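Accompanying notes for the structure given below.
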Amino acid sequence: MQDANRTQSPYIKALSCSAIALVAGLVALFLGFRLPSFTTNSEAASQLVALAAVPGLIVGLLAKKSTRPWPLWLIIVAFIIILIAVTIAHEMTAEFRS
């Protein structure tokens, strides 16, 4: 009975947000926009996959573990907030990775 109160397909919804963010990032990369830490297009594309997937996995886990169901708008908002936080952390630690 407790499963009826959970979010239906949380990982699919969150990873759909990741797919949309990845496509938007690749389109921006194709148009010439990139983060300052990206040096080559192949490096940028591979890091964009990770930057888009990590927030989706985190939000999917949070929605799955929640005792209350998450509406779609909450999944999208949480994804955007975590995406911004992960991107800022990525850019702040760029000098340590090079």
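For the structure tokens, the naming scheme is as follows: chains receive sequential letters (A, B, ...) according to their order of presentation, residues are indexed from 1 within each chain, and ligands are indexed from 1 in presentation order.
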
Could you pull out all residues of chain A with a DSSP call of helix (DSSP H, G or I) and give them as a PyMOL selection string? chain A and resi 2-5+10-30+41-65+72-92+94-97

May I have the residues from that selection written out with C-alpha atoms, as a CSV table (one decimal), in the first residue's frame?
chain,number,residue,atom,x,y,z
A,2,GLN,CA,2.9,2.3,0.6
A,3,ASP,CA,4.1,2.0,-3.0
A,4,ALA,CA,0.9,3.7,-4.3
A,5,ASN,CA,2.1,6.9,-2.5
A,10,PRO,CA,11.1,8.9,-11.0
A,11,TYR,CA,14.3,8.0,-12.8
A,12,ILE,CA,12.7,8.1,-16.3
A,13,LYS,CA,11.3,11.6,-15.6
A,14,ALA,CA,14.6,12.9,-14.2
A,15,LEU,CA,16.7,11.3,-16.9
A,16,SER,CA,14.4,12.8,-19.5
A,17,CYS,CA,15.3,16.2,-18.0
A,18,SER,CA,19.0,15.1,-18.4
A,19,ALA,CA,18.4,14.2,-22.1
A,20,ILE,CA,16.8,17.6,-22.8
A,21,ALA,CA,19.7,19.4,-21.0
A,22,LEU,CA,22.2,17.4,-22.9
A,23,VAL,CA,20.6,18.2,-26.3
A,24,ALA,CA,20.4,21.9,-25.3
A,25,GLY,CA,24.1,21.8,-24.3
A,26,LEU,CA,25.2,20.1,-27.5
A,27,VAL,CA,23.2,22.6,-29.6
A,28,ALA,CA,24.9,25.5,-27.7
A,29,LEU,CA,28.3,23.8,-28.2
A,30,PHE,CA,27.5,23.5,-32.0
A,41,ASN,CA,34.8,20.0,-28.6
A,42,SER,CA,35.4,16.3,-27.9
A,43,GLU,CA,36.2,17.1,-24.2
A,44,ALA,CA,33.2,19.4,-24.0
A,45,ALA,CA,30.8,16.8,-25.4
A,46,SER,CA,32.0,14.1,-23.0
A,47,GLN,CA,31.8,16.4,-20.0
A,48,LEU,CA,28.4,17.6,-21.0
A,49,VAL,CA,27.1,14.0,-20.8
A,50,ALA,CA,28.3,13.8,-17.2
A,51,LEU,CA,27.1,17.3,-16.3
A,52,ALA,CA,23.6,16.4,-17.6
A,53,ALA,CA,23.5,12.8,-16.2
A,54,VAL,CA,24.6,13.5,-12.6
A,55,PRO,CA,21.7,15.8,-11.7
A,56,GLY,CA,19.2,13.5,-13.3
A,57,LEU,CA,20.4,10.6,-11.2
A,58,ILE,CA,20.4,12.6,-8.0
A,59,VAL,CA,16.9,13.9,-8.6
A,60,GLY,CA,15.7,10.4,-9.5
A,61,LEU,CA,17.1,9.1,-6.3
A,62,LEU,CA,15.6,11.9,-4.2
A,63,ALA,CA,12.2,11.4,-5.8
A,64,LYS,CA,12.3,7.6,-5.4
A,65,LYS,CA,13.3,7.8,-1.7
A,72,LEU,CA,6.6,16.7,-12.6
A,73,TRP,CA,7.1,20.4,-11.9
A,74,LEU,CA,9.0,19.6,-8.7
A,75,ILE,CA,11.3,17.1,-10.5
A,76,ILE,CA,12.0,19.7,-13.2
A,77,VAL,CA,12.8,22.5,-10.6
A,78,ALA,CA,15.0,20.2,-8.5
A,79,PHE,CA,16.8,19.1,-11.7
A,80,ILE,CA,17.5,22.7,-12.7
A,81,ILE,CA,18.7,23.7,-9.2
A,82,ILE,CA,21.0,20.7,-9.0
A,83,LEU,CA,22.2,21.2,-12.6
A,84,ILE,CA,23.2,24.8,-11.7
A,85,ALA,CA,25.0,23.6,-8.5
A,86,VAL,CA,26.9,20.9,-10.4
A,87,THR,CA,27.9,23.2,-13.2
A,88,ILE,CA,29.2,25.8,-10.7
A,89,ALA,CA,31.2,23.1,-8.8
A,90,HIS,CA,32.5,21.9,-12.2
A,91,GLU,CA,33.7,25.3,-13.1
A,92,MET,CA,35.2,26.1,-9.7
A,94,ALA,CA,38.5,23.2,-13.3
A,95,GLU,CA,41.9,24.5,-12.3
A,96,PHE,CA,42.5,21.5,-10.1
A,97,ARG,CA,41.7,19.1,-13.0
